[in-house]
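Enquirer: As input, take upload_9.txt (compact mmCIF, C-alpha atoms):
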# COMPACT_ATOMS: atom_id res chain seq x y z
CA VAL A 3 109.36 68.62 73.74
CA LEU A 4 108.37 65.34 75.37
CA ALA A 5 105.16 63.84 74.05
CA ARG A 6 103.26 61.14 75.99
CA ALA A 7 104.87 62.33 79.21
CA THR A 8 103.68 63.38 82.67
CA ALA A 9 105.40 65.53 85.27
CA LEU A 10 105.18 63.52 88.49
CA GLY A 11 106.44 66.13 90.93
CA ILE A 12 108.26 69.40 91.45
CA TYR A 13 110.93 69.44 94.13
CA ASP A 14 113.53 71.82 95.51
CA HIS A 15 115.70 74.01 93.27
CA GLY A 16 113.68 73.42 90.07
CA TYR A 17 114.01 69.64 90.17
CA VAL A 18 111.21 67.91 88.20
CA LEU A 19 110.55 64.22 87.56
CA VAL A 20 108.90 63.42 84.22
CA ALA A 21 107.67 59.95 83.20
CA GLU A 22 107.73 59.40 79.44
CA ARG A 23 105.64 56.55 78.01
CA ARG A 24 107.24 54.67 75.11
CA PRO A 25 104.80 51.98 73.87
CA GLY A 26 106.55 49.17 72.04
CA HIS A 27 109.98 50.11 73.34
CA ARG A 28 111.73 47.36 75.28
CA THR A 29 111.91 49.53 78.42
CA GLU A 30 108.30 50.77 77.99
CA GLY A 31 109.22 54.14 79.44
CA ARG A 32 111.86 56.56 80.58
CA LEU A 33 112.15 58.66 83.75
CA TRP A 34 113.60 62.11 83.13
CA HIS A 35 115.36 64.06 85.90
CA VAL A 36 115.10 67.74 84.97
CA ARG A 37 116.72 70.78 86.56
CA ALA A 38 114.81 73.80 85.29
CA ARG A 39 115.56 77.47 85.72
CA ARG A 40 111.91 78.25 85.02
CA ILE A 41 108.81 76.06 85.31
CA VAL A 42 105.50 77.17 83.77
CA LEU A 43 102.38 75.30 84.83
CA ALA A 44 99.73 75.53 82.12
CA THR A 45 97.73 72.65 83.60
CA GLY A 46 94.27 74.04 82.89
CA ALA A 47 91.12 73.35 84.88
CA LEU A 48 88.88 70.35 85.49
CA GLU A 49 85.09 70.41 85.25
CA ARG A 50 83.16 69.58 88.41
CA PRO A 51 80.25 67.14 88.62
CA ILE A 52 76.97 68.03 90.33
CA PRO A 53 75.64 65.95 93.25
CA PHE A 54 72.05 64.73 92.89
CA PRO A 55 70.27 61.37 93.42
CA ASP A 56 71.31 58.69 90.91
CA ASN A 57 74.12 60.84 89.49
CA ASP A 58 76.25 57.70 89.10
CA ARG A 59 74.04 56.15 86.43
CA PRO A 60 75.15 55.55 82.82
CA GLY A 61 74.14 58.50 80.68
CA VAL A 62 75.30 61.16 83.16
CA MET A 63 78.43 62.86 81.78
CA LEU A 64 80.46 65.95 82.38
CA ALA A 65 79.46 68.41 79.68
CA SER A 66 83.08 68.99 78.64
CA ALA A 67 83.62 65.22 78.33
CA ALA A 68 80.66 64.88 75.98
CA ALA A 69 82.00 67.75 73.89
CA ALA A 70 85.41 66.07 73.78
CA TYR A 71 83.85 62.90 72.35
CA VAL A 72 82.58 65.00 69.45
CA GLU A 73 85.59 67.25 68.90
CA ARG A 74 88.38 64.70 69.40
CA TYR A 75 86.85 61.44 68.24
CA GLY A 76 83.90 62.38 66.03
CA VAL A 77 81.46 60.49 68.26
CA LEU A 78 78.07 61.88 69.32
CA PRO A 79 77.33 60.28 72.72
CA ALA A 80 73.56 60.46 72.17
CA ARG A 81 71.15 61.99 69.69
CA ARG A 82 69.01 63.62 72.41
CA PHE A 83 70.32 65.14 75.62
CA SER A 84 69.56 67.52 78.48
CA LEU A 85 71.84 69.94 80.32
CA ALA A 86 72.21 70.71 84.03
CA MET A 87 74.52 73.61 84.84
CA THR A 88 75.74 76.05 87.45
CA ASN A 89 77.63 78.23 84.95
CA ASP A 90 77.55 79.30 81.32
CA SER A 91 80.27 76.92 80.12
CA GLY A 92 77.62 74.20 79.93
CA ILE A 93 76.00 76.12 77.07
CA GLU A 94 79.28 76.08 75.13
CA SER A 95 79.60 72.30 75.53
CA ALA A 96 75.96 71.77 74.54
CA ALA A 97 76.54 73.88 71.42
CA VAL A 98 79.19 71.38 70.29
CA LEU A 99 76.66 68.54 70.45
CA LEU A 100 73.99 70.64 68.74
CA ALA A 101 76.37 71.45 65.87
CA ALA A 102 77.00 67.71 65.47
CA GLY A 103 73.30 66.99 65.03
CA GLY A 104 72.22 66.49 68.64
CA VAL A 105 68.88 67.70 70.02
CA MET A 106 68.64 69.35 73.44
CA ASP A 107 65.41 68.58 75.28
CA ASP A 108 65.77 70.44 78.59
CA VAL A 109 68.04 72.87 80.41
CA PHE A 110 68.22 72.87 84.21
CA ASP A 111 69.96 75.99 85.53
CA LEU A 112 70.66 75.51 89.24
CA ARG A 113 71.28 79.24 89.57
CA GLN A 114 67.58 79.78 88.87
CA GLY A 115 66.42 77.33 91.51
CA HIS A 116 66.09 74.29 89.25
CA ARG A 117 66.95 70.93 90.81
CA ILE A 118 67.47 67.36 89.69
CA ASP A 119 65.85 64.55 91.66
CA GLY A 120 66.67 61.60 89.40
CA THR A 121 67.47 60.54 85.87
CA ASN A 122 66.07 58.41 83.07
CA ALA A 123 67.72 56.77 80.07
CA LYS A 124 68.50 60.08 78.37
CA LEU A 125 71.99 61.57 78.21
CA LEU A 126 72.39 64.28 80.86
CA LEU A 127 75.28 66.72 80.62
CA VAL A 128 76.37 68.23 83.93
CA ALA A 129 78.41 71.43 84.18
CA GLY A 130 79.20 72.18 87.81
CA GLY A 131 81.93 74.76 87.30
CA TRP A 132 85.71 74.39 87.09
CA ASN A 133 88.56 73.65 89.48
CA PRO A 134 92.04 74.84 88.47
CA ASN A 135 94.34 71.80 88.22
CA LEU A 136 96.87 72.68 90.92
CA ALA A 137 98.23 69.31 92.01
CA LEU A 138 101.80 70.14 90.97
CA TRP A 139 101.58 73.66 92.38
CA SER A 140 100.44 72.33 95.77
CA GLN A 141 102.98 69.50 95.74
CA ALA A 142 105.73 72.06 95.15
CA GLY A 143 104.62 73.94 98.26
CA GLY A 144 102.44 76.60 96.66
CA ALA A 145 99.70 78.12 98.81
CA LEU A 146 96.02 78.24 97.85
CA ARG A 147 93.11 80.58 98.52
CA PHE A 148 89.41 80.06 97.91
CA ASP A 149 87.93 82.17 95.12
CA ASP A 150 84.21 82.73 95.72
CA ARG A 151 83.71 83.84 92.12
CA ILE A 152 84.46 80.42 90.67
CA GLY A 153 83.80 78.36 93.81
CA ALA A 154 87.28 76.81 93.77
CA TYR A 155 90.86 77.19 95.00
CA VAL A 156 93.40 79.26 93.07
CA PRO A 157 97.15 79.83 93.53
CA ASP A 158 98.12 82.29 96.26
CA GLY A 159 101.51 83.95 96.42
CA ALA A 160 104.63 82.97 94.50
CA LEU A 161 107.14 80.15 94.29
CA LYS A 162 110.72 80.36 93.14
CA HIS A 163 111.18 78.71 89.72
CA VAL A 164 107.40 78.10 89.29
CA GLU A 165 104.80 80.19 87.48
CA VAL A 166 101.12 79.34 86.91
CA VAL A 167 99.35 80.64 83.78
CA GLY A 168 95.99 80.44 82.04
CA SER A 169 92.90 78.84 83.53
CA ALA A 170 95.03 77.10 86.18
CA THR A 171 95.11 80.53 87.86
CA GLY A 172 91.31 80.77 87.70
CA GLU A 173 91.61 83.48 85.09
CA GLY A 174 89.02 83.28 82.34
CA LEU A 175 86.91 80.67 84.12
CA PRO A 176 83.17 81.43 84.30
CA ASP A 177 81.47 82.63 87.46
CA SER A 178 80.08 79.61 89.28
CA ALA A 179 79.09 78.85 92.83
CA ALA A 180 80.32 75.52 94.17
CA PRO A 181 77.74 72.85 93.18
CA THR A 182 76.43 72.02 96.62
CA TRP A 183 73.76 69.40 97.18
CA ASP A 184 70.36 71.05 97.69
CA GLY A 185 69.17 68.66 100.40
CA THR A 186 66.46 66.89 98.40
CA GLY A 187 66.34 63.21 97.52
CA ASP A 188 68.12 60.15 98.85
CA GLU A 189 71.50 60.98 100.41
CA THR A 190 72.67 57.39 99.98
CA LEU A 191 72.22 57.69 96.20
CA THR A 192 73.74 61.16 95.87
CA PHE A 193 77.38 60.53 94.97
CA VAL A 194 80.23 62.88 95.79
CA ASP A 195 83.07 60.62 94.57
CA LEU A 196 81.89 58.30 91.81
CA GLU A 197 85.00 56.14 91.80
CA ARG A 198 84.94 55.49 95.56
CA ASP A 199 81.12 55.22 95.69
CA ALA A 200 81.16 57.87 98.42
CA THR A 201 77.88 59.71 98.99
CA VAL A 202 76.47 62.70 100.82
CA ALA A 203 75.33 60.21 103.48
CA ASP A 204 78.96 59.16 104.00
CA VAL A 205 80.02 62.78 104.49
CA ARG A 206 77.23 63.32 107.03
CA GLN A 207 78.27 60.17 108.88
CA ALA A 208 81.83 61.48 109.09
CA LEU A 209 80.59 64.77 110.53
CA ARG A 210 78.39 62.95 113.05
CA ALA A 211 81.50 61.04 114.14
CA GLY A 212 83.03 64.37 115.12
CA LEU A 213 85.41 64.83 112.19
CA ARG A 214 85.96 68.42 111.06
CA SER A 215 89.31 68.54 109.24
CA ILE A 216 88.89 67.94 105.50
CA GLU A 217 91.86 65.55 105.66
CA HIS A 218 90.14 63.48 108.34
CA VAL A 219 86.89 63.41 106.36
CA LYS A 220 88.87 62.30 103.32
CA ARG A 221 90.35 59.35 105.19
CA TYR A 222 87.04 58.40 106.81
CA THR A 223 85.09 58.43 103.53
CA THR A 224 87.96 57.64 101.07
CA ILE A 225 86.79 60.61 98.95
CA GLY A 226 89.61 61.72 96.66
CA THR A 227 91.72 58.57 97.08
CA GLY A 228 90.81 56.94 93.75
CA SER A 229 92.85 57.04 90.56
CA ASP A 230 91.82 60.66 89.97
CA GLN A 231 93.41 61.57 93.36
CA GLY A 232 90.68 64.08 94.09
CA LYS A 233 90.80 65.91 90.78
CA THR A 234 87.11 65.15 90.15
CA GLY A 235 85.93 63.52 93.37
CA GLY A 236 87.50 66.18 95.56
Write out the structure in this file as C-alpha cells.

Expert:
Amino acid sequence: VLARATALGIYDHGYVLVAERRPGHRTEGRLWHVRARRIVLATGALERPIPFPDNDRPGVMLASAAAAYVERYGVLPARRFSLAMTNDSGIESAAVLLAAGGVMDDVFDLRQGHRIDGTNAKLLLVAGGWNPNLALWSQAGGALRFDDRIGAYVPDGALKHVEVVGSATGEGLPDSAAPTWDGTGDETLTFVDLERDATVADVRQALRAGLRSIEHVKRYTTIGTGSDQGKTGG
C-alpha cells in the first residue's frame, strides 16, 4: 500500500508509473515502476459544474465539495445556502450541510425548468451530475461510449490487465442529463472552464470559425488544458 501516491500512467504489459510524495525526505519523492498482473481502477467519479451567468463568483461551489468541507474538515462553508441541481445527489450533499446546522433557502431543479440567471452573496451549491474519472483508462487505450442516462462517458469494452469498478464504470451514479446552458443571460459571463476563464461565448466563437472536432475546439478555447486537465472543465 502506497499512501500519498498517484498513478501517472498505464502502459503496455501492465506497466504502471506511480509517483510517491515523501514530504520532509531529502529526495522529496520516489518514482515506482510497477509490473502488475492485474490493475483495478477504482477512480470514482467527479461532480460536474453547471453553466450559468456569473458562475465563477465566490460562493458558487460544487455540492460535493461543500459536503467534503463538513465531513473531512468540520467546516461549514456558510450558514445559509441554496442548491441548484440536475440530479438527486445534490439533495444528499445538502443534507450534510443541514445536519451541520446549515439552513437551505432555495432549491433550483433544472429538470423542472428552473434556471439561474445570476448570483448574490449567498452560498450556492451546484450539482450538475457526475463524470466517471477515466483518465487512466483512456490513457491505457480503453474505449469510451456516451451513456445518456448519466450524461457522461463510461468504459466500453475490455483491456488486458485492466479492470474498472464502482462509480468509475457509471454504475450507481444518479440519472442526470448533461448540464447544458439554457441560452439565457450573458454568454461572456457563463463559464465552461473556470480555470481557463473559457465561456460559452468562446465555444460559439470556435464553432463560427468552422471548428467541429472536440480536440480542435479544446485547442482554440484552451478548455480542459488547466491543472485539472479537463476533469472538471471538460

Enquirer: Choose the residue, out of A:Ile93, A:Leu99, A:Ala21, A:Ile118, that has the smallest atom-to-atom separation from Gly131 of chain A; count all atoms listed in the file.

Expert: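 Closest residue, counting all atoms listed in the file: A:Ile93.
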
Enquirer: Can you tell me how far atom CA of Ser84 of chain A sits from atom CA of Ala102 of chain A, in Å to one decimal?

Expert: 15.0 Å

Enquirer: Report, in Å with one decimal, the straight-line distance from atom CA of Ile52 of chain A to atom CA of Ala69 of chain A.

Expert: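 Interatomic distance, atom CA of Ile52 of chain A to atom CA of Ala69 of chain A: 17.2 Å.
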
Enquirer: Given the point (78.6, 69.9, 89.6) in the file's coordinates, find the residues that have an atom at most 7 Å from it, counting only C-alpha atoms, and give them as a PDB file with C-alpha atoms, in the coordinates of the input.

Expert:
ATOM      1  CA  ARG A  50      83.160  69.580  88.410  1.00  0.00           C
ATOM      2  CA  PRO A  51      80.250  67.140  88.620  1.00  0.00           C
ATOM      3  CA  ILE A  52      76.970  68.030  90.330  1.00  0.00           C
ATOM      4  CA  PRO A  53      75.640  65.950  93.250  1.00  0.00           C
ATOM      5  CA  VAL A 128      76.370  68.230  83.930  1.00  0.00           C
ATOM      6  CA  ALA A 129      78.410  71.430  84.180  1.00  0.00           C
ATOM      7  CA  GLY A 130      79.200  72.180  87.810  1.00  0.00           C
ATOM      8  CA  GLY A 131      81.930  74.760  87.300  1.00  0.00           C
ATOM      9  CA  PRO A 181      77.740  72.850  93.180  1.00  0.00           C
TER      10      PRO A 181
END

Enquirer: How far is it from atom CA of Arg40 of chain A to atom CA of Gly236 of chain A, in Å with one decimal?

Expert: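 Interatomic distance here is 29.2 Å.
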
Enquirer: Please identify all polymer residues within 9 Å of segment 5-8 of chain A, counting all atoms listed in the file, omitting same-chain residues fewer than 4 positions from it, and present them as an mmCIF file with C-alpha atoms, in the coordinates of the input.

Expert:
data_model
loop_
_atom_site.group_PDB
_atom_site.id
_atom_site.type_symbol
_atom_site.label_atom_id
_atom_site.label_comp_id
_atom_site.auth_asym_id
_atom_site.auth_seq_id
_atom_site.Cartn_x
_atom_site.Cartn_y
_atom_site.Cartn_z
ATOM 1 C CA LEU A 19 110.550 64.220 87.560
ATOM 2 C CA VAL A 20 108.900 63.420 84.220
ATOM 3 C CA ALA A 21 107.670 59.950 83.200
ATOM 4 C CA GLU A 22 107.730 59.400 79.440
ATOM 5 C CA ARG A 23 105.640 56.550 78.010
ATOM 6 C CA ARG A 24 107.240 54.670 75.110
#

Enquirer: Pick out the closest residue to Arg198 of chain A from this set: A:Ser178, A:Gly212, A:Gly228, A:Thr121. Count all atoms listed in the file.

Expert: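 Checking each candidate against Arg198 of chain A, we get A:Gly228 as the closest.
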
Enquirer: Pick out the residues sitting within 9 Å of Gly172 of chain A, and hand them over as an mmCIF file with C-alpha atoms, in the coordinates of the input; count all atoms listed in the file, and ignore anything fewer than 2 positions along from it in its own chain.

Expert:
data_model
loop_
_atom_site.group_PDB
_atom_site.id
_atom_site.type_symbol
_atom_site.label_atom_id
_atom_site.label_comp_id
_atom_site.auth_asym_id
_atom_site.auth_seq_id
_atom_site.Cartn_x
_atom_site.Cartn_y
_atom_site.Cartn_z
ATOM 1 C CA GLY A 46 94.270 74.040 82.890
ATOM 2 C CA ALA A 47 91.120 73.350 84.880
ATOM 3 C CA TRP A 132 85.710 74.390 87.090
ATOM 4 C CA ASN A 133 88.560 73.650 89.480
ATOM 5 C CA PRO A 134 92.040 74.840 88.470
ATOM 6 C CA ASP A 149 87.930 82.170 95.120
ATOM 7 C CA ILE A 152 84.460 80.420 90.670
ATOM 8 C CA ALA A 154 87.280 76.810 93.770
ATOM 9 C CA TYR A 155 90.860 77.190 95.000
ATOM 10 C CA VAL A 156 93.400 79.260 93.070
ATOM 11 C CA PRO A 157 97.150 79.830 93.530
ATOM 12 C CA VAL A 167 99.350 80.640 83.780
ATOM 13 C CA GLY A 168 95.990 80.440 82.040
ATOM 14 C CA SER A 169 92.900 78.840 83.530
ATOM 15 C CA ALA A 170 95.030 77.100 86.180
ATOM 16 C CA GLY A 174 89.020 83.280 82.340
ATOM 17 C CA LEU A 175 86.910 80.670 84.120
ATOM 18 C CA PRO A 176 83.170 81.430 84.300
#

Enquirer: May I ask which of the residues A:Leu127, A:Phe110, A:His116, A:Ala145 is the closest one to Pro79 of chain A, counting only C-alpha atoms?

Expert: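 Under the stated criterion, the closest residue is A:Leu127.
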
Enquirer: For Gly187 of chain A, which of A:Val202, A:Val166, A:Ala9, A:Ala137 is the closest residue, counting only C-alpha atoms?

Expert: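 For Gly187 of chain A, the nearest of the given residues is A:Val202.
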
Enquirer: With distances taken over only C-alpha atoms, which of A:Ala44, A:Leu33, A:Leu196, A:Val205 is nearest to Gly232 of chain A?

Expert: A:Leu196

Enquirer: Just the residues within 9 Å of Leu138 of chain A, please, counting only C-alpha atoms, with nothing from its chain fewer than 2 positions along; format it as an mmCIF file with C-alpha atoms, in the frame of the given file.

Expert:
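Output contents, as saved in part19.cif:
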data_model
loop_
_atom_site.group_PDB
_atom_site.id
_atom_site.type_symbol
_atom_site.label_atom_id
_atom_site.label_comp_id
_atom_site.auth_asym_id
_atom_site.auth_seq_id
_atom_site.Cartn_x
_atom_site.Cartn_y
_atom_site.Cartn_z
ATOM 1 C CA ALA A 9 105.400 65.530 85.270
ATOM 2 C CA LEU A 10 105.180 63.520 88.490
ATOM 3 C CA GLY A 11 106.440 66.130 90.930
ATOM 4 C CA ILE A 12 108.260 69.400 91.450
ATOM 5 C CA LEU A 43 102.380 75.300 84.830
ATOM 6 C CA THR A 45 97.730 72.650 83.600
ATOM 7 C CA ASN A 135 94.340 71.800 88.220
ATOM 8 C CA LEU A 136 96.870 72.680 90.920
ATOM 9 C CA SER A 140 100.440 72.330 95.770
ATOM 10 C CA GLN A 141 102.980 69.500 95.740
ATOM 11 C CA ALA A 142 105.730 72.060 95.150
ATOM 12 C CA GLY A 143 104.620 73.940 98.260
ATOM 13 C CA GLY A 144 102.440 76.600 96.660
#

Enquirer: Would you mind telling me which residue in A:Phe83, A:Tyr17, A:Phe148, A:Tyr71 lies nearest to Val105 of chain A when using only C-alpha atoms?

Expert: A:Phe83

Enquirer: Missing atoms in segment 174-200 of chain A should be modelled up to N, CA, C and O atoms and reported as a short mmCIF file (atom, residue, chain, number, x, y, z; two decimals), keeping the file's coordinate frame.

Expert:
data_model
loop_
_atom_site.label_atom_id
_atom_site.label_comp_id
_atom_site.auth_asym_id
_atom_site.auth_seq_id
_atom_site.Cartn_x
_atom_site.Cartn_y
_atom_site.Cartn_z
N GLY A 174 89.80 83.66 83.51
CA GLY A 174 89.02 83.28 82.34
C GLY A 174 87.96 82.21 82.60
O GLY A 174 87.18 81.89 81.70
N LEU A 175 87.93 81.66 83.80
CA LEU A 175 86.91 80.67 84.12
C LEU A 175 85.59 81.38 84.43
O LEU A 175 85.59 82.47 84.99
N PRO A 176 84.46 80.75 84.10
CA PRO A 176 83.17 81.43 84.30
C PRO A 176 82.78 81.51 85.77
O PRO A 176 83.17 80.66 86.58
N ASP A 177 82.01 82.54 86.12
CA ASP A 177 81.47 82.63 87.46
C ASP A 177 80.63 81.40 87.76
O ASP A 177 79.80 80.98 86.94
N SER A 178 80.85 80.80 88.93
CA SER A 178 80.08 79.61 89.28
C SER A 178 80.20 79.35 90.77
O SER A 178 81.31 79.23 91.29
N ALA A 179 79.06 79.26 91.43
CA ALA A 179 79.09 78.85 92.83
C ALA A 179 79.44 77.37 92.89
O ALA A 179 79.20 76.62 91.94
N ALA A 180 80.04 76.94 94.00
CA ALA A 180 80.32 75.52 94.17
C ALA A 180 79.01 74.73 94.11
O ALA A 180 78.01 75.15 94.68
N PRO A 181 78.98 73.60 93.39
CA PRO A 181 77.74 72.85 93.18
C PRO A 181 77.33 72.04 94.39
O PRO A 181 77.48 70.84 94.45
N THR A 182 76.81 72.71 95.40
CA THR A 182 76.43 72.02 96.62
C THR A 182 75.14 71.24 96.42
O THR A 182 74.30 71.58 95.58
N TRP A 183 74.98 70.19 97.21
CA TRP A 183 73.76 69.40 97.18
C TRP A 183 72.64 70.20 97.82
O TRP A 183 72.82 70.84 98.85
N ASP A 184 71.44 70.18 97.22
CA ASP A 184 70.36 71.05 97.69
C ASP A 184 69.50 70.44 98.79
O ASP A 184 68.52 71.03 99.22
N GLY A 185 69.87 69.24 99.26
CA GLY A 185 69.17 68.66 100.40
C GLY A 185 67.93 67.87 100.07
O GLY A 185 67.22 67.42 100.97
N THR A 186 67.64 67.67 98.78
CA THR A 186 66.46 66.89 98.40
C THR A 186 66.88 65.53 97.85
O THR A 186 67.94 65.41 97.24
N GLY A 187 66.05 64.53 98.06
CA GLY A 187 66.34 63.21 97.52
C GLY A 187 67.11 62.35 98.49
O GLY A 187 67.37 62.72 99.64
N ASP A 188 67.48 61.17 98.02
CA ASP A 188 68.12 60.15 98.85
C ASP A 188 69.63 60.42 98.96
O ASP A 188 70.35 60.35 97.98
N GLU A 189 70.08 60.71 100.19
CA GLU A 189 71.50 60.98 100.41
C GLU A 189 72.38 59.78 100.05
O GLU A 189 73.52 59.95 99.64
N THR A 190 71.86 58.58 100.23
CA THR A 190 72.67 57.39 99.98
C THR A 190 72.85 57.12 98.49
O THR A 190 73.66 56.28 98.11
N LEU A 191 72.09 57.82 97.65
CA LEU A 191 72.22 57.69 96.20
C LEU A 191 72.77 58.95 95.54
O LEU A 191 72.80 59.05 94.32
N THR A 192 73.20 59.91 96.38
CA THR A 192 73.74 61.16 95.87
C THR A 192 75.26 61.11 96.03
O THR A 192 75.80 61.28 97.12
N PHE A 193 75.95 60.86 94.92
CA PHE A 193 77.38 60.53 94.97
C PHE A 193 78.25 61.78 94.89
O PHE A 193 78.02 62.67 94.07
N VAL A 194 79.24 61.81 95.78
CA VAL A 194 80.23 62.88 95.79
C VAL A 194 81.49 62.44 95.05
O VAL A 194 82.07 63.20 94.29
N ASP A 195 81.92 61.21 95.28
CA ASP A 195 83.07 60.62 94.57
C ASP A 195 82.58 59.36 93.88
O ASP A 195 82.31 58.34 94.53
N LEU A 196 82.46 59.41 92.57
CA LEU A 196 81.89 58.30 91.81
C LEU A 196 82.79 57.07 91.83
O LEU A 196 82.31 55.94 91.83
N GLU A 197 84.09 57.28 91.85
CA GLU A 197 85.00 56.14 91.80
C GLU A 197 85.03 55.38 93.13
O GLU A 197 85.11 54.16 93.16
N ARG A 198 84.92 56.12 94.23
CA ARG A 198 84.94 55.49 95.56
C ARG A 198 83.54 55.18 96.08
O ARG A 198 83.39 54.73 97.21
N ASP A 199 82.50 55.45 95.26
CA ASP A 199 81.12 55.22 95.69
C ASP A 199 80.82 55.91 97.01
O ASP A 199 80.09 55.40 97.86
N ALA A 200 81.37 57.09 97.20
CA ALA A 200 81.16 57.87 98.42
C ALA A 200 80.02 58.86 98.19
O ALA A 200 79.97 59.55 97.16
#
